[in-house]
file query_27.pdb (PDB, C-alpha atoms)
ATOM      1  CA  MET A   1      11.223 -73.588 -22.956
ATOM      2  CA  ASN A   2      14.263 -75.174 -21.288
ATOM      3  CA  CYS A   3      14.458 -77.284 -18.134
ATOM      4  CA  ASP A   4      15.390 -74.418 -15.800
ATOM      5  CA  SER A   5      12.449 -72.246 -16.759
ATOM      6  CA  CYS A   6      10.167 -75.256 -16.633
ATOM      7  CA  THR A   7      11.187 -76.277 -13.090
ATOM      8  CA  ALA A   8      10.737 -72.659 -12.015
ATOM      9  CA  GLU A   9       7.112 -72.845 -13.123
ATOM     10  CA  LEU A  10       6.379 -76.330 -11.777
ATOM     11  CA  SER A  11       5.063 -75.172  -8.427
ATOM     12  CA  ALA A  12       2.637 -72.729 -10.084
ATOM     13  CA  TYR A  13       1.642 -75.450 -12.564
ATOM     14  CA  LEU A  14       0.927 -77.815  -9.745
ATOM     15  CA  ASP A  15      -1.279 -75.222  -8.001
ATOM     16  CA  GLY A  16      -3.171 -74.584 -11.273
ATOM     17  CA  GLU A  17      -2.048 -70.980 -11.430
ATOM     18  CA  LEU A  18      -0.733 -71.079 -15.014
ATOM     19  CA  ASN A  19      -2.800 -70.273 -18.047
ATOM     20  CA  GLY A  20      -2.485 -69.312 -21.687
ATOM     21  CA  GLY A  21       0.812 -69.638 -23.517
ATOM     22  CA  LEU A  22       2.893 -70.407 -20.440
ATOM     23  CA  LEU A  23       0.646 -73.326 -19.478
ATOM     24  CA  ALA A  24       0.949 -74.775 -23.014
ATOM     25  CA  GLU A  25       4.724 -74.366 -22.987
ATOM     26  CA  VAL A  26       5.102 -76.146 -19.628
ATOM     27  CA  GLU A  27       2.847 -79.005 -20.708
ATOM     28  CA  SER A  28       4.680 -79.339 -24.027
ATOM     29  CA  HIS A  29       8.065 -79.426 -22.229
ATOM     30  CA  LEU A  30       6.873 -81.984 -19.681
ATOM     31  CA  ALA A  31       5.616 -84.211 -22.503
ATOM     32  CA  LYS A  32       9.049 -84.514 -24.042
ATOM     33  CA  CYS A  33      11.411 -84.086 -21.010
ATOM     34  CA  THR A  34      11.710 -87.031 -18.656
ATOM     35  CA  ALA A  35      13.859 -85.158 -16.120
ATOM     36  CA  CYS A  36      11.328 -82.405 -15.673
ATOM     37  CA  THR A  37       8.498 -84.914 -15.590
ATOM     38  CA  ALA A  38      10.302 -86.756 -12.775
ATOM     39  CA  GLU A  39      10.801 -83.470 -10.922
ATOM     40  CA  PHE A  40       7.133 -82.656 -11.348
ATOM     41  CA  LYS A  41       6.097 -86.065 -10.040
ATOM     42  CA  SER A  42       8.325 -85.686  -7.013
ATOM     43  CA  LEU A  43       6.894 -82.261  -6.277
ATOM     44  CA  ALA A  44       3.350 -83.564  -6.709
ATOM     45  CA  GLU A  45       3.975 -86.428  -4.329
ATOM     46  CA  SER A  46       5.441 -84.088  -1.711
ATOM     47  CA  ALA A  47       2.466 -81.819  -1.987
ATOM     48  CA  GLU A  48       0.119 -84.759  -1.729
ATOM     49  CA  LEU A  49       1.928 -85.993   1.335
ATOM     50  CA  VAL A  50       1.716 -82.622   3.095
ATOM     51  CA  GLU A  51      -1.886 -82.257   2.126
ATOM     52  CA  SER A  52      -2.798 -85.675   3.427
ATOM     53  CA  HIS A  53      -1.153 -85.039   6.814
ATOM     54  CA  ALA A  54      -1.921 -81.352   7.183
ATOM     55  CA  THR A  55      -4.961 -81.858   9.333
ATOM     56  CA  ALA A  56      -3.123 -84.331  11.547
ATOM     57  CA  LEU A  57      -0.251 -81.976  12.301
ATOM     58  CA  GLU A  58      -0.516 -79.902  15.416
ATOM     59  CA  VAL A  59       1.994 -77.295  16.471
ATOM     60  CA  ARG A  60       3.127 -77.719  20.023
ATOM     61  CA  PRO A  61       2.784 -74.626  22.270
ATOM     62  CA  ASP A  62       6.477 -74.659  23.182
ATOM     63  CA  ILE A  63       7.370 -74.339  19.503
ATOM     64  CA  TRP A  64       5.149 -71.248  19.179
ATOM     65  CA  HIS A  65       6.743 -69.900  22.336
ATOM     66  CA  ASN A  66      10.233 -70.370  20.891
ATOM     67  CA  VAL A  67       9.267 -68.741  17.609
ATOM     68  CA  HIS A  68       7.759 -65.778  19.463
ATOM     69  CA  ALA A  69      10.844 -65.403  21.656
ATOM     70  CA  HIS A  70      13.103 -65.565  18.624
ATOM     71  CA  LEU A  71      11.073 -62.936  16.740
ATOM     72  CA  SER A  72      11.130 -60.555  19.691
ATOM     73  CA  GLN A  73      14.932 -60.677  19.757
ATOM     74  CA  LEU A  74      15.239 -59.619  16.101
ATOM     75  CA  PRO A  75      15.952 -55.883  15.443
ATOM     76  CA  VAL A  76      12.912 -53.873  14.372
ATOM     77  CA  PRO A  77      13.303 -52.837  10.742
ATOM     78  CA  VAL A  78      13.255 -49.055  10.215
ATOM     79  CA  PRO A  79      10.787 -48.063   7.503
ATOM     80  CA  SER A  80      12.045 -45.684   4.836
ATOM     81  CA  GLU A  81      10.806 -42.099   5.493
ATOM     82  CA  GLY A  82      10.044 -39.125   3.277
ATOM     83  CA  TRP A  83      11.278 -35.685   4.363
ATOM     84  CA  ILE A  84       7.839 -34.640   5.606
ATOM     85  CA  GLN A  85       7.594 -37.794   7.729
ATOM     86  CA  LEU A  86      11.153 -37.175   8.833
ATOM     87  CA  ILE A  87      10.301 -33.673  10.072
ATOM     88  CA  PHE A  88       6.867 -34.262  11.507
ATOM     89  CA  GLY A  89       7.560 -37.770  12.758
ATOM     90  CA  ARG A  90      10.130 -36.452  15.197
ATOM     91  CA  ARG A  91       9.157 -33.707  17.573
ATOM     92  CA  TRP A  92      12.615 -32.270  18.118
ATOM     93  CA  LEU A  93      13.128 -31.994  14.398
ATOM     94  CA  ALA A  94       9.768 -30.240  13.931
ATOM     95  CA  ALA A  95      10.620 -27.851  16.763
ATOM     96  CA  ALA A  96      14.018 -27.110  15.225
ATOM     97  CA  ALA A  97      12.445 -26.459  11.829
ATOM     98  CA  ALA A  98       9.870 -24.123  13.380
ATOM     99  CA  ALA A  99      12.584 -22.289  15.313
ATOM    100  CA  ALA A 100      14.673 -21.884  12.174
ATOM    101  CA  LEU A 101      11.648 -20.553  10.297
ATOM    102  CA  VAL A 102      10.825 -18.069  13.056
ATOM    103  CA  LEU A 103      14.450 -16.967  13.216
ATOM    104  CA  THR A 104      14.624 -16.456   9.451
ATOM    105  CA  MET A 105      11.341 -14.542   9.349
ATOM    106  CA  GLY A 106      12.364 -12.485  12.350
ATOM    107  CA  THR A 107      15.733 -11.593  10.816
ATOM    108  CA  TRP A 108      14.107 -10.685   7.516
ATOM    109  CA  GLY A 109      11.421  -8.613   9.265
ATOM    110  CA  TYR A 110      13.998  -6.838  11.393
ATOM    111  CA  TYR A 111      16.097  -6.087   8.310
ATOM    112  CA  ARG A 112      13.057  -4.676   6.492
ATOM    113  CA  TYR A 113      12.127  -2.613   9.557
ATOM    114  CA  GLN A 114      15.648  -1.210   9.798
ATOM    115  CA  GLU A 115      15.605  -0.283   6.111
ATOM    116  CA  SER A 116      12.231   1.464   6.364
ATOM    117  CA  GLU A 117      13.345   3.319   9.496
ATOM    118  CA  LYS A 118      16.492   4.506   7.713
ATOM    119  CA  ALA A 119      14.407   5.699   4.752
ATOM    120  CA  LEU A 120      12.054   7.487   7.137
ATOM    121  CA  GLY A 121      15.007   9.102   8.881
ATOM    122  CA  ARG A 122      16.359  10.398   5.567
ATOM    123  CA  TYR A 123      12.902  11.626   4.549
ATOM    124  CA  MET A 124      12.500  13.471   7.834
ATOM    125  CA  ALA A 125      16.028  14.889   7.770
ATOM    126  CA  GLU A 126      15.535  16.305   4.266
ATOM    127  CA  TYR A 127      12.388  18.155   5.232
ATOM    128  CA  VAL A 128      13.773  19.369   8.541
ATOM    129  CA  LYS A 129      16.939  20.613   6.838
ATOM    130  CA  ALA A 130      14.964  22.547   4.214
ATOM    131  CA  ARG A 131      12.682  24.045   6.831
ATOM    132  CA  ASP A 132      15.604  24.936   9.102
ATOM    133  CA  GLN A 133      17.182  26.847   6.218
ATOM    134  CA  GLN A 134      13.944  28.767   5.733
ATOM    135  CA  GLU A 135      13.850  29.515   9.424
ATOM    136  CA  GLN A 136      17.435  30.807   9.283
ATOM    137  CA  VAL A 137      16.475  33.158   6.454
ATOM    138  CA  TYR A 138      13.512  34.314   8.500
ATOM    139  CA  ARG A 139      15.645  34.897  11.603
ATOM    140  CA  ALA A 140      18.213  36.815   9.551
ATOM    141  CA  ARG A 141      15.482  39.067   8.151
ATOM    142  CA  GLU A 142      14.016  39.542  11.587
ATOM    143  CA  GLY A 143      17.438  40.621  12.814
ATOM    144  CA  ASN A 144      17.583  43.184  10.009
ATOM    145  CA  GLY A 145      14.531  45.125  11.122
ATOM    146  CA  GLY A 146      11.764  42.571  11.226
ATOM    147  CA  MET A 147       9.810  40.531   8.749
ATOM    148  CA  ASP A 148       8.611  42.197   5.582
ATOM    149  CA  LEU A 149       5.201  40.620   4.981
ATOM    150  CA  SER A 150       5.064  41.947   1.442
ATOM    151  CA  GLN A 151       8.067  39.863   0.392
ATOM    152  CA  PRO A 152       7.994  36.077   0.329
ATOM    153  CA  ILE A 153      10.750  34.167   2.058
ATOM    154  CA  PRO A 154      12.895  32.400  -0.586
ATOM    155  CA  GLY A 155      11.961  28.754  -0.823
ATOM    156  CA  HIS A 156       8.869  29.289   1.272
ATOM    157  CA  PRO A 157       6.636  31.529  -0.832
ATOM    158  CA  GLU A 158       3.558  30.901   1.268
ATOM    159  CA  ALA A 159       5.184  32.209   4.405
ATOM    160  CA  ALA A 160       4.838  35.920   3.865
ATOM    161  CA  GLU A 161       1.715  36.768   1.922
ATOM    162  CA  ASN A 162      -2.000  36.710   2.285
ATOM    163  CA  PRO A 163      -3.183  34.048  -0.172
ATOM    164  CA  PHE A 164      -6.638  35.574  -0.330
ATOM    165  CA  VAL A 165      -5.549  38.979  -1.606
ATOM    166  CA  VAL A 166      -7.510  39.757  -4.762
ATOM    167  CA  VAL A 167      -5.338  40.043  -7.846
ATOM    168  CA  GLN A 168      -5.493  43.490  -9.453
ATOM    169  CA  PHE A 169      -4.844  44.211 -13.100
ATOM    170  CA  SER A 170      -2.772  47.173 -14.144
ATOM    171  CA  SER A 171      -4.010  48.988 -17.230
ATOM    172  CA  ASP A 172      -0.721  50.362 -18.435
ATOM    173  CA  ASP A 173       1.216  47.151 -18.929
ATOM    174  CA  ASN A 174       1.177  43.907 -20.842
ATOM    175  CA  PRO A 175      -2.139  42.286 -19.849
ATOM    176  CA  PHE A 176      -0.560  38.836 -19.906
ATOM    177  CA  ARG A 177       1.847  39.682 -17.077
ATOM    178  CA  SER A 178      -0.083  42.348 -15.318
ATOM    179  CA  GLU A 179      -0.759  40.635 -11.998
ATOM    180  CA  VAL A 180       0.307  42.858  -9.185
ATOM    181  CA  ARG A 181      -0.378  42.517  -5.519
TER     182      ARG A 181
ATOM    183  CA  MET B   1     -26.507  38.656 -65.111
ATOM    184  CA  ASN B   2     -29.271  39.932 -62.931
ATOM    185  CA  SER B   3     -29.233  36.733 -60.836
ATOM    186  CA  GLN B   4     -25.439  37.029 -60.367
ATOM    187  CA  ARG B   5     -25.872  40.500 -58.955
ATOM    188  CA  SER B   6     -28.631  39.401 -56.555
ATOM    189  CA  PHE B   7     -26.525  36.534 -55.056
ATOM    190  CA  PRO B   8     -24.466  38.631 -52.606
ATOM    191  CA  ARG B   9     -27.606  40.305 -51.347
ATOM    192  CA  THR B  10     -29.257  36.898 -50.660
ATOM    193  CA  ALA B  11     -26.148  35.671 -48.916
ATOM    194  CA  LEU B  12     -26.110  38.787 -46.771
ATOM    195  CA  ILE B  13     -29.718  38.266 -45.744
ATOM    196  CA  LEU B  14     -29.083  34.614 -44.873
ATOM    197  CA  ALA B  15     -25.989  35.489 -42.898
ATOM    198  CA  SER B  16     -27.962  38.085 -40.965
ATOM    199  CA  ILE B  17     -30.651  35.536 -40.116
ATOM    200  CA  ALA B  18     -27.999  32.982 -39.101
ATOM    201  CA  SER B  19     -26.300  35.516 -36.861
ATOM    202  CA  LEU B  20     -29.592  36.147 -35.070
ATOM    203  CA  PHE B  21     -30.375  32.441 -34.656
ATOM    204  CA  PRO B  22     -28.101  31.607 -31.697
ATOM    205  CA  LEU B  23     -29.547  34.449 -29.654
ATOM    206  CA  ALA B  24     -33.124  33.563 -30.521
ATOM    207  CA  ALA B  25     -32.705  29.845 -29.871
ATOM    208  CA  ALA B  26     -30.289  29.968 -26.931
ATOM    209  CA  PRO B  27     -31.382  27.164 -24.581
ATOM    210  CA  ILE B  28     -32.857  28.326 -21.313
ATOM    211  CA  HIS B  29     -30.897  25.803 -19.241
ATOM    212  CA  GLY B  30     -27.661  27.168 -20.756
ATOM    213  CA  ARG B  31     -28.503  30.561 -19.422
ATOM    214  CA  THR B  32     -29.375  28.990 -16.064
ATOM    215  CA  TYR B  33     -25.965  27.345 -15.880
ATOM    216  CA  ALA B  34     -24.331  30.621 -16.748
ATOM    217  CA  ARG B  35     -26.295  32.351 -13.996
ATOM    218  CA  GLN B  36     -25.348  29.612 -11.515
ATOM    219  CA  ALA B  37     -21.694  29.967 -12.495
ATOM    220  CA  ASP B  38     -21.944  33.717 -11.956
ATOM    221  CA  ASN B  39     -23.539  33.117  -8.567
ATOM    222  CA  SER B  40     -20.892  30.652  -7.445
ATOM    223  CA  ALA B  41     -18.132  32.953  -8.683
ATOM    224  CA  ALA B  42     -19.704  35.813  -6.749
ATOM    225  CA  GLN B  43     -20.039  33.576  -3.683
ATOM    226  CA  LEU B  44     -16.396  32.529  -3.938
ATOM    227  CA  GLY B  45     -15.355  36.147  -4.322
ATOM    228  CA  LYS B  46     -17.281  36.999  -1.159
ATOM    229  CA  THR B  47     -15.742  34.090   0.764
ATOM    230  CA  ARG B  48     -12.247  35.016  -0.382
ATOM    231  CA  SER B  49     -12.836  38.621   0.657
ATOM    232  CA  LEU B  50     -13.946  37.475   4.111
ATOM    233  CA  ALA B  51     -10.954  35.157   4.361
ATOM    234  CA  GLU B  52      -8.622  37.958   3.324
ATOM    235  CA  SER B  53      -9.867  40.129   6.186
ATOM    236  CA  GLN B  54      -9.812  37.182   8.554
ATOM    237  CA  HIS B  55      -6.212  36.516   7.582
ATOM    238  CA  GLU B  56      -5.213  40.058   8.531
ATOM    239  CA  ILE B  57      -7.031  39.698  11.853
ATOM    240  CA  VAL B  58      -5.111  36.493  12.614
ATOM    241  CA  ILE B  59      -1.778  38.116  11.725
ATOM    242  CA  LEU B  60      -2.562  41.096  13.940
ATOM    243  CA  LEU B  61      -3.577  38.847  16.833
ATOM    244  CA  ILE B  62      -0.326  36.915  16.471
ATOM    245  CA  LYS B  63       1.613  40.182  16.519
ATOM    246  CA  GLN B  64      -0.269  41.145  19.672
ATOM    247  CA  LYS B  65       0.709  37.748  21.130
ATOM    248  CA  ASP B  66      -2.937  36.778  21.580
ATOM    249  CA  PHE B  67      -2.320  33.286  20.289
ATOM    250  CA  GLU B  68      -5.468  31.614  21.622
ATOM    251  CA  GLN B  69      -7.708  34.157  19.906
ATOM    252  CA  ALA B  70      -5.555  33.945  16.788
ATOM    253  CA  LEU B  71      -6.162  30.204  16.718
ATOM    254  CA  VAL B  72      -9.932  30.707  17.059
ATOM    255  CA  GLU B  73      -9.966  33.281  14.252
ATOM    256  CA  ALA B  74      -7.737  31.155  12.036
ATOM    257  CA  ASN B  75     -10.058  28.173  12.419
ATOM    258  CA  LYS B  76     -12.920  30.311  11.103
ATOM    259  CA  ILE B  77     -11.203  30.605   7.729
ATOM    260  CA  PHE B  78     -11.048  26.839   7.280
ATOM    261  CA  ASN B  79     -14.630  26.392   8.457
ATOM    262  CA  MET B  80     -15.911  28.603   5.638
ATOM    263  CA  LYS B  81     -17.588  26.947   2.665
ATOM    264  CA  TRP B  82     -14.812  26.421   0.129
ATOM    265  CA  PRO B  83     -14.994  24.709  -3.263
ATOM    266  CA  PRO B  84     -12.482  21.851  -3.716
ATOM    267  CA  ASP B  85     -10.342  23.843  -6.155
ATOM    268  CA  GLN B  86      -9.425  26.262  -3.388
ATOM    269  CA  GLU B  87      -7.559  23.605  -1.430
ATOM    270  CA  PRO B  88      -4.073  24.785  -2.530
ATOM    271  CA  THR B  89      -4.845  28.311  -1.284
ATOM    272  CA  LEU B  90      -6.135  26.953   1.997
ATOM    273  CA  LEU B  91      -3.021  24.820   2.355
ATOM    274  CA  LYS B  92      -0.833  27.880   1.886
ATOM    275  CA  GLU B  93      -2.836  29.679   4.540
ATOM    276  CA  LEU B  94      -2.636  26.790   6.991
ATOM    277  CA  LEU B  95       1.128  26.367   6.583
ATOM    278  CA  LEU B  96       1.627  30.121   6.821
ATOM    279  CA  PHE B  97      -0.222  30.304  10.153
ATOM    280  CA  ALA B  98       1.636  27.270  11.475
ATOM    281  CA  ASP B  99       4.861  29.021  10.518
ATOM    282  CA  GLN B 100       3.778  32.205  12.236
ATOM    283  CA  PHE B 101       2.990  30.335  15.438
ATOM    284  CA  LEU B 102       6.376  28.639  15.249
ATOM    285  CA  HIS B 103       8.194  31.968  14.798
ATOM    286  CA  ASN B 104       6.495  33.231  17.912
ATOM    287  CA  GLY B 105       7.500  30.231  20.001
ATOM    288  CA  GLN B 106       4.014  28.731  19.802
ATOM    289  CA  ALA B 107       4.710  25.457  18.026
ATOM    290  CA  ALA B 108       2.154  23.685  20.223
ATOM    291  CA  THR B 109      -0.547  26.118  19.068
ATOM    292  CA  GLY B 110       0.574  25.444  15.508
ATOM    293  CA  VAL B 111       0.072  21.717  16.092
ATOM    294  CA  ARG B 112      -3.428  22.398  17.428
ATOM    295  CA  LEU B 113      -4.192  24.504  14.362
ATOM    296  CA  LEU B 114      -3.079  21.742  12.014
ATOM    297  CA  GLU B 115      -5.007  19.094  13.923
ATOM    298  CA  ALA B 116      -8.188  21.163  14.002
ATOM    299  CA  ASN B 117      -8.195  21.817  10.270
ATOM    300  CA  PHE B 118      -6.862  18.544   8.943
ATOM    301  CA  LYS B 119     -10.419  17.535   8.008
ATOM    302  CA  SER B 120     -10.714  20.419   5.511
ATOM    303  CA  PHE B 121      -8.234  18.724   3.163
ATOM    304  CA  LYS B 122      -8.779  15.767   0.880
ATOM    305  CA  ASN B 123      -5.827  15.758  -1.516
ATOM    306  CA  PRO B 124      -3.114  13.268  -0.391
ATOM    307  CA  ALA B 125      -0.375  15.729  -1.353
ATOM    308  CA  SER B 126      -1.963  18.408   0.857
ATOM    309  CA  LEU B 127      -2.376  15.948   3.697
ATOM    310  CA  ALA B 128       1.260  14.877   3.368
ATOM    311  CA  SER B 129       2.367  18.533   3.551
ATOM    312  CA  ILE B 130       0.320  19.020   6.708
ATOM    313  CA  TRP B 131       1.743  15.873   8.317
ATOM    314  CA  LYS B 132       5.284  17.009   7.525
ATOM    315  CA  GLU B 133       4.727  20.466   8.952
ATOM    316  CA  LYS B 134       3.169  18.931  12.045
ATOM    317  CA  GLY B 135       6.205  16.682  12.362
ATOM    318  CA  TYR B 136       8.468  19.696  12.063
ATOM    319  CA  LEU B 137       6.565  21.491  14.809
ATOM    320  CA  TYR B 138       6.795  18.431  17.058
ATOM    321  CA  LYS B 139      10.526  18.278  16.375
ATOM    322  CA  ASN B 140      10.815  21.909  17.452
ATOM    323  CA  LEU B 141       8.951  20.998  20.599
ATOM    324  CA  GLY B 142      11.535  18.264  21.248
ATOM    325  CA  ASP B 143       8.948  15.509  20.804
ATOM    326  CA  ASP B 144      10.866  13.287  18.412
ATOM    327  CA  LYS B 145       8.548  10.329  18.900
ATOM    328  CA  HIS B 146       5.490  12.218  17.647
ATOM    329  CA  ALA B 147       7.562  13.935  14.958
ATOM    330  CA  LEU B 148       8.668  10.590  13.597
ATOM    331  CA  GLU B 149       5.094   9.323  13.594
ATOM    332  CA  CYS B 150       3.944  12.386  11.624
ATOM    333  CA  PHE B 151       6.666  11.916   9.034
ATOM    334  CA  ARG B 152       5.741   8.241   8.806
ATOM    335  CA  GLN B 153       2.164   9.252   7.931
ATOM    336  CA  ALA B 154       3.427  11.758   5.349
ATOM    337  CA  GLN B 155       5.723   9.183   3.801
ATOM    338  CA  ARG B 156       2.850   6.700   3.575
ATOM    339  CA  LEU B 157       0.727   9.284   1.741
ATOM    340  CA  GLU B 158       3.493  10.164  -0.681
ATOM    341  CA  LYS B 159       4.242   6.531  -1.624
TER     342      LYS B 159
END
call {"tool": "encode", "arguments": {"input": "query_27.pdb", "output": "structure tokens"}}
result
Amino acid sequence: MNCDSCTAELSAYLDGELNGGLLAEVESHLAKCTACTAEFKSLAESAELVESHATALEVRPDIWHNVHAHLSQLPVPVPSEGWIQLIFGRRWLAAAAAAALVLTMGTWGYYRYQESEKALGRYMAEYVKARDQQEQVYRAREGNGGMDLSQPIPGHPEAAENPFVVVQFSSDDNPFRSEVR
Amino acid sequence: MNSQRSFPRTALILASIASLFPLAAAPIHGRTYARQADNSAAQLGKTRSLAESQHEIVILLIKQKDFEQALVEANKIFNMKWPPDQEPTLLKELLLFADQFLHNGQAATGVRLLEANFKSFKNPASLASIWKEKGYLYKNLGDDKHALECFRQAQRLEK
């Protein structure tokens, strides 16, 4: 241990706060170093002096008043804040964050709604177009002497036959393709 | 030599007994099931025959422009007791009648027909077809709002 490190530990040594290896090192250094021993003695005497007069000292009220006035003039230190404290600690910031969230969700929802409406429009248009074509065929047939219920409308086979008609089998044909109505 | 000659005869006798066995030991419940199947087939045949006649009545009423009575008679077909496997036939019938009402300028009656008989169908594909046809009828009536809603339901079922 050198003199610098020893003097740094003198105050703790004086207060009896050292123990173990550090205590032994300080004591060993003090035993052989006169400069540090002198420093230690000086420090011990100062401490003894303060201790002996501590009870006698009384702080005057005007001193406390001055200290208080001085402290009140100092700027208040701003504590470091995390982002959550930053957002929720300030109302305007929380409101802005909420507004941004609502706006984002609203935009996303509106976009999704628009997409689904477009898909629905296409779905509807496809069916309507197919059915309109069937209707045109029907109207054309009607114009040519009326609807022939025995013949299905192309693309709409259910539109021109009784689905409950019993299937008859012809005896003079291939039995595997003999269904006639 | 004698035993070799008698072998085919023994086999023939055994085969004859074996051929009789299934008839003799046919389980009674098997025959009951067969009878039940015959009964249900006969019942279905009867229902289909009734529906066939009912169909012709509805078509005639539509031709006579008696649409209200046609609707009443059409509903009778769907209120008959149908097995689940007849749903495709019923769907054809329902869409056919809706089409007939539409051709005769009675899209609103077609909508009523579809609404009244919606409950007879369970298959999502059938239900989607009905919703689409209903939407088409609404579109013909100029009610785009309801038409869109019907197609929305159909689209949901087909997803």
call {"tool": "closest_atom_pairs", "arguments": {"input": "query_27.pdb", "of": "chain B", "to": "chain A", "cutoff": "9 Å", "atoms": "only C-alpha atoms", "output": "Markdown table"}}
result
| residue | atom | partner | partner_atom | distance |
| --- | --- | --- | --- | --- |
| B:Gly45 | CA | A:Val166 | CA | 8.6 |
| B:Arg48 | CA | A:Phe164 | CA | 5.6 |
| B:Ser49 | CA | A:Phe164 | CA | 7.0 |
| B:Leu50 | CA | A:Phe164 | CA | 8.8 |
| B:Ala51 | CA | A:Phe164 | CA | 6.4 |
| B:Glu52 | CA | A:Phe164 | CA | 4.8 |
| B:Ser53 | CA | A:Phe164 | CA | 8.6 |
| B:His55 | CA | A:Asn162 | CA | 6.8 |
| B:Glu56 | CA | A:Asn162 | CA | 7.8 |
| B:Thr89 | CA | A:Pro163 | CA | 6.1 |
| B:Leu90 | CA | A:Pro163 | CA | 8.0 |
| B:Lys92 | CA | A:Glu158 | CA | 5.4 |
| B:Glu93 | CA | A:Pro163 | CA | 6.4 |
| B:Leu95 | CA | A:Glu158 | CA | 7.4 |
| B:Leu96 | CA | A:Ala159 | CA | 4.8 |
| B:Phe97 | CA | A:Ala159 | CA | 8.1 |
| B:Asp99 | CA | A:Ala159 | CA | 6.9 |
| B:Gln100 | CA | A:Ala159 | CA | 8.0 |
| B:His103 | CA | A:Glu135 | CA | 8.2 |
| B:Lys132 | CA | A:Tyr127 | CA | 7.6 |
| B:Glu133 | CA | A:Tyr127 | CA | 8.8 |
| B:Gly135 | CA | A:Met124 | CA | 8.4 |
| B:Tyr136 | CA | A:Val128 | CA | 6.4 |
| B:Lys139 | CA | A:Val128 | CA | 8.6 |
| B:Ala147 | CA | A:Met124 | CA | 8.7 |
| B:Leu148 | CA | A:Met124 | CA | 7.5 |
| B:Phe151 | CA | A:Met124 | CA | 6.2 |
| B:Arg152 | CA | A:Leu120 | CA | 6.6 |
| B:Gln155 | CA | A:Leu120 | CA | 7.4 |
call {"tool": "write_last_selection", "arguments": {"input": "query_27.pdb", "atoms": "C-alpha atoms", "output": "compact mmCIF listing (two decimals), keeping the file's coordinate frame"}}
result
# COMPACT_ATOMS: atom_id res chain seq x y z
CA GLY B 45 -15.36 36.15 -4.32
CA ARG B 48 -12.25 35.02 -0.38
CA SER B 49 -12.84 38.62 0.66
CA LEU B 50 -13.95 37.48 4.11
CA ALA B 51 -10.95 35.16 4.36
CA GLU B 52 -8.62 37.96 3.32
CA SER B 53 -9.87 40.13 6.19
CA HIS B 55 -6.21 36.52 7.58
CA GLU B 56 -5.21 40.06 8.53
CA THR B 89 -4.84 28.31 -1.28
CA LEU B 90 -6.14 26.95 2.00
CA LYS B 92 -0.83 27.88 1.89
CA GLU B 93 -2.84 29.68 4.54
CA LEU B 95 1.13 26.37 6.58
CA LEU B 96 1.63 30.12 6.82
CA PHE B 97 -0.22 30.30 10.15
CA ASP B 99 4.86 29.02 10.52
CA GLN B 100 3.78 32.20 12.24
CA HIS B 103 8.19 31.97 14.80
CA LYS B 132 5.28 17.01 7.52
CA GLU B 133 4.73 20.47 8.95
CA GLY B 135 6.20 16.68 12.36
CA TYR B 136 8.47 19.70 12.06
CA LYS B 139 10.53 18.28 16.38
CA ALA B 147 7.56 13.94 14.96
CA LEU B 148 8.67 10.59 13.60
CA PHE B 151 6.67 11.92 9.03
CA ARG B 152 5.74 8.24 8.81
CA GLN B 155 5.72 9.18 3.80
call {"tool": "closest_residue", "arguments": {"input": "query_27.pdb", "among": "B:Cys150, B:Ala42, B:Leu91, B:Ala98", "to": "Val58 of chain B", "atoms": "all atoms listed in the file"}}
result
B:Ala98
call {"tool": "closest_residue", "arguments": {"input": "query_27.pdb", "among": "B:Lys81, B:Glu87, B:Ala128, B:Lys65", "to": "Gln43 of chain B", "atoms": "all atoms listed in the file"}}
result
B:Lys81
call {"tool": "resolve_selection", "arguments": {"input": "query_27.pdb", "expression": "the PyMOL selection byres ((chain A and resi 4-15) around 9)", "output": "PyMOL selection string"}}
result
chain A and resi 1-3+16-19+22-23+25-27+29-30+36+39-40+43-44+47
call {"tool": "closest_residue", "arguments": {"input": "query_27.pdb", "among": "A:Ala38, A:Val102, A:Ala97, A:Ile63", "to": "Ile84 of chain A", "atoms": "only C-alpha atoms"}}
result
A:Ala97
call {"tool": "residues_around", "arguments": {"input": "query_27.pdb", "residues": "Ala74 of chain B", "least_positions_apart": "4", "cutoff": "9 Å", "atoms": "only C-alpha atoms", "output": "ChimeraX atom specification"}}
result
/B:54-55,57-58,69-70,78,94,97,113
call {"tool": "write_last_selection", "arguments": {"input": "query_27.pdb", "atoms": "C-alpha atoms", "output": "short mmCIF file (atom, residue, chain, number, x, y, z; two decimals), in the frame of the given file"}}
result
data_model
loop_
_atom_site.label_atom_id
_atom_site.label_comp_id
_atom_site.auth_asym_id
_atom_site.auth_seq_id
_atom_site.Cartn_x
_atom_site.Cartn_y
_atom_site.Cartn_z
CA GLN B 54 -9.81 37.18 8.55
CA HIS B 55 -6.21 36.52 7.58
CA ILE B 57 -7.03 39.70 11.85
CA VAL B 58 -5.11 36.49 12.61
CA GLN B 69 -7.71 34.16 19.91
CA ALA B 70 -5.56 33.94 16.79
CA PHE B 78 -11.05 26.84 7.28
CA LEU B 94 -2.64 26.79 6.99
CA PHE B 97 -0.22 30.30 10.15
CA LEU B 113 -4.19 24.50 14.36
#
call {"tool": "resolve_selection", "arguments": {"input": "query_27.pdb", "expression": "the PyMOL selection byres ((chain B and resi 68) around 12)", "output": "number ranges by chain"}}
result
B: 58, 61-62, 64-67, 69-75, 101, 106, 108-110, 112-113
call {"tool": "atom_distance", "arguments": {"input": "query_27.pdb", "atom1": "atom CA of Leu157 of chain B", "atom2": "atom CA of Trp131 of chain B"}}
result
9.4 Å
call {"tool": "atom_distance", "arguments": {"input": "query_27.pdb", "atom1": "atom CA of Glu149 of chain B", "atom2": "atom CA of Pro124 of chain B"}}
result
16.7 Å
call {"tool": "closest_residue", "arguments": {"input": "query_27.pdb", "among": "B:Val111, B:Ile59, B:Phe121, B:Thr47", "to": "His146 of chain B", "atoms": "all atoms listed in the file"}}
result
B:Val111
